[in-house]
Amino acid sequence: MKNIVLIGFMGTGKSTVGRRLAHRLNRKFIDTDTEIENITGKTVAQIFARCGVVRFRSEESLLVKKLALQEGLVISTGGGMVLNPENVRLLKKNGVLIRLTALPEIIFNRVKNKKNRPLLTKGNLKEQIESMLKDRQGAYDAAEYTVDTGALSQEEAVEMIVRYLKEKQYL
């Protein structure tokens with residue numbers, strides 16, 4: 001049974017939709033950021049501040065290697081997980097990648113009051129989001145299906161994903 005892997009930019013709903021999807025399908029849910037925090041004993045923000053982005057990305061890669069060996073999971077990835085082509089290759093090996101997306105304004109409204117976004121720390125938040133989205137353009141194209149969570153409720157997003165997975169006979 002393939003893993004269902006949610007990819008996309010921060011604030012697109014990967015964790016919330018992922019939890020609901022896992023519950024709906026009676027599967028185990030893994031949030032990669034939370035899993036890294038559990039493994040390291042540090043928050044994502046602490047890892048970025050104390051060890052840097054390279055260390056965090058290496059923690060992601062180690063975790064992907066473990067998750068790629070498992071089956072039947074719903075995995076919510078960190079927004080930058082797909083920046084490493086090897087991570088994408090491993091996640092696709094036993095998983096179907098679903099991209100969650102939203103307009104920059106919607107992402108801004110979802111993350112503007114969150115203090116746990118280490119890549120959004122300096123300057124104008126809207127400009128940072130737009131710049132990062134531009135830099136990552138194409139990185140999320142690894143997904144075989146895209147759901148715009150800005151236009152849907154969480155339940156509607158889950159329903160669209162389930163319908164797609166059934167249509168492609170992944171379920």
# chains A, B, ... in the order shown; residues from 1 in each chain; ligands from 1
call {"tool": "residues_around", "arguments": {"residues": "Lys65 in chain A", "least_positions_apart": "4", "cutoff": "9 Å", "atoms": "only C-alpha atoms", "output": "NGL selection string"}}
result
:A and (60-61 or 69 or 87 or 90-91)
call {"tool": "write_last_selection", "arguments": {"atoms": "N, CA and C atoms", "output": "compact mmCIF listing (two decimals), in the first residue's frame"}}
result
# COMPACT_ATOMS: atom_id res chain seq x y z
N GLU A 60 16.07 16.01 7.49
CA GLU A 60 14.97 15.65 6.60
C GLU A 60 15.35 14.45 5.74
N SER A 61 16.53 14.50 5.16
CA SER A 61 16.97 13.42 4.27
C SER A 61 17.09 12.09 5.00
N LEU A 69 10.88 3.32 3.46
CA LEU A 69 10.85 1.87 3.68
C LEU A 69 9.52 1.40 4.26
N ASN A 87 15.38 13.24 -2.07
CA ASN A 87 14.19 13.09 -1.23
C ASN A 87 12.97 12.77 -2.10
N LEU A 90 13.10 9.17 -3.38
CA LEU A 90 12.77 8.19 -2.33
C LEU A 90 11.29 8.23 -1.97
N LEU A 91 10.71 9.42 -1.89
CA LEU A 91 9.30 9.54 -1.55
C LEU A 91 8.41 8.95 -2.63
call {"tool": "residues_around", "arguments": {"residues": "Pro104 in chain A", "least_positions_apart": "6", "cutoff": "9 Å", "atoms": "only C-alpha atoms", "output": "ChimeraX atom specification"}}
result
/A:126,129-130,133
call {"tool": "closest_residue", "arguments": {"among": "A:Val5, A:Gly79, A:Leu25, A:Val17", "to": "Lys166 in chain A", "atoms": "only C-alpha atoms"}}
result
A:Leu25
call {"tool": "residues_around", "arguments": {"residues": "Asn3 in chain A", "least_positions_apart": "3", "cutoff": "12 Å", "atoms": "only C-alpha atoms", "output": "JSON, numbers by chain"}}
result
{"A": [6, 18, 21, 22, 25, 27, 28, 29, 30, 64, 67, 68, 69, 70, 71, 72, 73, 74, 75, 76, 90, 91, 92, 93, 94, 95, 96, 97, 98, 165, 170, 171]}
call {"tool": "closest_residue", "arguments": {"among": "A:Ser15, A:Thr146, A:Thr32, A:Thr101", "to": "Lys66 in chain A", "atoms": "only C-alpha atoms"}}
result
A:Thr32
call {"tool": "closest_residue", "arguments": {"among": "A:Ala139, A:Val44, A:Ile106, A:Val53", "to": "Gly11 in chain A", "atoms": "only C-alpha atoms"}}
result
A:Ile106
call {"tool": "residues_around", "arguments": {"residues": "Glu156 in chain A", "least_positions_apart": "6", "cutoff": "10 Å", "atoms": "only C-alpha atoms", "output": "PyMOL selection string"}}
result
chain A and resi 17+147+149+162
call {"tool": "write_last_selection", "arguments": {"atoms": "C-alpha atoms", "output": "PDB file, in the first residue's frame"}}
result
ATOM      1  CA  VAL A  17      -5.347  18.145   5.685  1.00  0.00           C
ATOM      2  CA  VAL A 147      -5.276  20.567  -4.723  1.00  0.00           C
ATOM      3  CA  THR A 149      -6.566  24.513  -0.431  1.00  0.00           C
ATOM      4  CA  VAL A 162      -9.621  10.558  -1.757  1.00  0.00           C
TER       5      VAL A 162
END
call {"tool": "select_by_dssp", "arguments": {"residues": "range 9-75 of chain A", "states": "helix (DSSP H, G or I)", "output": "VMD selection string"}}
result
chain A and resid 14 to 25 32 to 40 44 to 51 53 to 67
call {"tool": "write_last_selection", "arguments": {"atoms": "C-alpha atoms", "output": "JSON list (two decimals), in the first residue's frame"}}
result
[["chain", "number", "residue", "atom", "x", "y", "z"],
["A", 14, "LYS", "CA", -0.31, 19.87, 4.64],
["A", 15, "SER", "CA", -0.49, 19.09, 8.35],
["A", 16, "THR", "CA", -4.18, 19.80, 8.90],
["A", 17, "VAL", "CA", -5.35, 18.14, 5.68],
["A", 18, "GLY", "CA", -2.90, 15.29, 6.27],
["A", 19, "ARG", "CA", -4.30, 14.55, 9.74],
["A", 20, "ARG", "CA", -7.86, 14.52, 8.41],
["A", 21, "LEU", "CA", -6.88, 12.38, 5.43],
["A", 22, "ALA", "CA", -5.10, 9.85, 7.67],
["A", 23, "HIS", "CA", -8.14, 9.68, 9.96],
["A", 24, "ARG", "CA", -10.47, 9.24, 6.99],
["A", 25, "LEU", "CA", -8.33, 6.43, 5.54],
["A", 32, "THR", "CA", 8.05, 15.29, 9.09],
["A", 33, "ASP", "CA", 8.77, 18.50, 11.01],
["A", 34, "THR", "CA", 7.23, 17.06, 14.18],
["A", 35, "GLU", "CA", 9.09, 13.80, 13.66],
["A", 36, "ILE", "CA", 12.41, 15.66, 13.31],
["A", 37, "GLU", "CA", 11.62, 17.57, 16.52],
["A", 38, "ASN", "CA", 10.95, 14.27, 18.30],
["A", 39, "ILE", "CA", 14.16, 12.69, 17.00],
["A", 40, "THR", "CA", 16.44, 15.65, 17.75],
["A", 44, "VAL", "CA", 12.58, 23.23, 13.93],
["A", 45, "ALA", "CA", 13.26, 26.87, 14.83],
["A", 46, "GLN", "CA", 15.99, 25.81, 17.29],
["A", 47, "ILE", "CA", 17.65, 23.57, 14.69],
["A", 48, "PHE", "CA", 17.68, 26.44, 12.17],
["A", 49, "ALA", "CA", 18.98, 28.94, 14.75],
["A", 50, "ARG", "CA", 21.64, 26.74, 16.35],
["A", 51, "CYS", "CA", 22.71, 24.44, 13.54],
["A", 53, "VAL", "CA", 19.50, 25.09, 7.31],
["A", 54, "VAL", "CA", 22.04, 22.50, 6.10],
["A", 55, "ARG", "CA", 21.69, 20.50, 9.32],
["A", 56, "PHE", "CA", 17.89, 20.65, 9.13],
["A", 57, "ARG", "CA", 17.91, 19.48, 5.50],
["A", 58, "SER", "CA", 20.19, 16.57, 6.45],
["A", 59, "GLU", "CA", 17.74, 15.58, 9.21],
["A", 60, "GLU", "CA", 14.97, 15.65, 6.60],
["A", 61, "SER", "CA", 16.97, 13.42, 4.27],
["A", 62, "LEU", "CA", 17.70, 10.88, 7.02],
["A", 63, "LEU", "CA", 14.01, 10.77, 7.91],
["A", 64, "VAL", "CA", 12.95, 10.32, 4.26],
["A", 65, "LYS", "CA", 15.22, 7.27, 3.99],
["A", 66, "LYS", "CA", 13.35, 5.70, 6.93],
["A", 67, "LEU", "CA", 9.88, 6.67, 5.74]]
call {"tool": "closest_residue", "arguments": {"among": "A:Thr77, A:Gly13, A:Leu100, A:Asn26", "to": "Glu144 in chain A", "atoms": "only C-alpha atoms"}}
result
A:Leu100
call {"tool": "residues_around", "arguments": {"residues": "Gly78 in chain A", "least_positions_apart": "6", "cutoff": "8 Å", "atoms": "only C-alpha atoms", "output": "list in words"}}
result
Ile7, Gly8, Phe9, Met10, Asp31, Thr32 and Asp33 of chain A
call {"tool": "write_last_selection", "arguments": {"atoms": "C-alpha atoms", "output": "PDB file, in the first residue's frame"}}
result
ATOM      1  CA  ILE A   7       4.031  18.367  -0.494  1.00  0.00           C
ATOM      2  CA  GLY A   8       3.775  22.116  -0.947  1.00  0.00           C
ATOM      3  CA  PHE A   9       4.755  25.471   0.454  1.00  0.00           C
ATOM      4  CA  MET A  10       4.315  26.280   4.139  1.00  0.00           C
ATOM      5  CA  ASP A  31       4.369  15.172  10.043  1.00  0.00           C
ATOM      6  CA  THR A  32       8.051  15.287   9.086  1.00  0.00           C
ATOM      7  CA  ASP A  33       8.770  18.503  11.007  1.00  0.00           C
TER       8      ASP A  33
END
call {"tool": "atom_distance", "arguments": {"atom1": "CA of Lys2 in chain A", "atom2": "CA of Val88 in chain A"}}
result
14.5 Å
call {"tool": "select_by_dssp", "arguments": {"residues": "chain A", "states": "strand (DSSP E)", "output": "VMD selection string"}}
result
chain A and resid 3 to 7 28 to 31 73 to 76 95 to 101 145 to 148
call {"tool": "decode", "arguments": {"residues": "range 60-146 of chain A", "atoms": "C-alpha atoms", "output": "tab-separated table (two decimals), in the first residue's frame"}}
result
chain	number	residue	atom	x	y	z
A	60	GLU	CA	14.97	15.65	6.60
A	61	SER	CA	16.97	13.42	4.27
A	62	LEU	CA	17.70	10.88	7.02
A	63	LEU	CA	14.01	10.77	7.91
A	64	VAL	CA	12.95	10.32	4.26
A	65	LYS	CA	15.22	7.27	3.99
A	66	LYS	CA	13.35	5.70	6.93
A	67	LEU	CA	9.88	6.67	5.74
A	68	ALA	CA	10.52	5.37	2.21
A	69	LEU	CA	10.85	1.87	3.68
A	70	GLN	CA	7.38	2.00	5.25
A	71	GLU	CA	3.95	1.55	3.71
A	72	GLY	CA	0.45	2.89	4.21
A	73	LEU	CA	1.41	6.23	5.76
A	74	VAL	CA	0.04	9.69	5.20
A	75	ILE	CA	3.10	11.95	5.28
A	76	SER	CA	3.05	15.72	5.58
A	77	THR	CA	6.42	17.07	4.45
A	78	GLY	CA	8.13	20.31	5.32
A	79	GLY	CA	7.85	22.93	2.59
A	80	GLY	CA	11.48	22.54	1.56
A	81	MET	CA	11.60	18.74	1.57
A	82	VAL	CA	11.30	18.52	-2.22
A	83	LEU	CA	14.24	20.86	-2.83
A	84	ASN	CA	16.46	17.78	-2.63
A	85	PRO	CA	15.90	15.56	-5.71
A	86	GLU	CA	16.99	12.48	-3.75
A	87	ASN	CA	14.19	13.09	-1.23
A	88	VAL	CA	11.71	13.27	-4.11
A	89	ARG	CA	13.06	10.06	-5.64
A	90	LEU	CA	12.77	8.19	-2.33
A	91	LEU	CA	9.30	9.54	-1.55
A	92	LYS	CA	8.04	8.55	-5.01
A	93	LYS	CA	9.52	5.07	-4.70
A	94	ASN	CA	6.68	3.96	-2.44
A	95	GLY	CA	4.40	6.96	-2.45
A	96	VAL	CA	2.02	9.11	-4.40
A	97	LEU	CA	2.89	12.81	-4.15
A	98	ILE	CA	-0.01	15.23	-3.76
A	99	ARG	CA	0.69	18.95	-3.92
A	100	LEU	CA	-1.27	21.38	-1.80
A	101	THR	CA	-1.22	24.97	-2.98
A	102	ALA	CA	-2.75	28.35	-2.16
A	103	LEU	CA	-2.37	31.93	-3.34
A	104	PRO	CA	0.39	33.97	-1.65
A	105	GLU	CA	-2.21	36.19	0.09
A	106	ILE	CA	-3.87	33.14	1.63
A	107	ILE	CA	-0.52	31.71	2.74
A	108	PHE	CA	0.33	35.09	4.29
A	109	ASN	CA	-2.92	35.14	6.27
A	110	ARG	CA	-2.32	31.59	7.49
A	111	VAL	CA	1.28	32.14	8.66
A	112	LYS	CA	1.41	35.82	9.68
A	113	ASN	CA	0.84	35.12	13.38
A	114	LYS	CA	2.94	31.96	13.60
A	115	LYS	CA	6.27	32.23	15.36
A	116	ASN	CA	7.55	28.80	14.31
A	117	ARG	CA	8.51	29.64	10.72
A	118	PRO	CA	12.31	30.05	10.81
A	119	LEU	CA	12.59	30.91	7.12
A	120	LEU	CA	10.19	33.84	7.58
A	121	THR	CA	11.97	35.94	10.15
A	122	LYS	CA	13.32	39.13	8.62
A	123	GLY	CA	11.72	41.97	6.73
A	124	ASN	CA	8.42	42.07	4.89
A	125	LEU	CA	6.57	38.77	5.31
A	126	LYS	CA	4.54	39.09	2.11
A	127	GLU	CA	7.68	39.78	0.08
A	128	GLN	CA	9.48	36.82	1.68
A	129	ILE	CA	6.61	34.48	0.83
A	130	GLU	CA	6.46	35.68	-2.77
A	131	SER	CA	10.24	35.43	-3.13
A	132	MET	CA	10.38	31.91	-1.72
A	133	LEU	CA	7.48	30.79	-3.91
A	134	LYS	CA	9.34	32.16	-6.94
A	135	ASP	CA	12.59	30.44	-5.88
A	136	ARG	CA	10.77	27.14	-5.43
A	137	GLN	CA	8.81	27.39	-8.66
A	138	GLY	CA	8.94	23.98	-10.25
A	139	ALA	CA	10.08	22.14	-7.11
A	140	TYR	CA	6.54	21.05	-6.29
A	141	ASP	CA	5.93	19.81	-9.85
A	142	ALA	CA	7.05	16.38	-8.62
A	143	ALA	CA	3.45	15.85	-7.50
A	144	GLU	CA	1.08	13.96	-9.72
A	145	TYR	CA	-1.99	15.77	-8.42
A	146	THR	CA	-2.59	19.28	-7.06
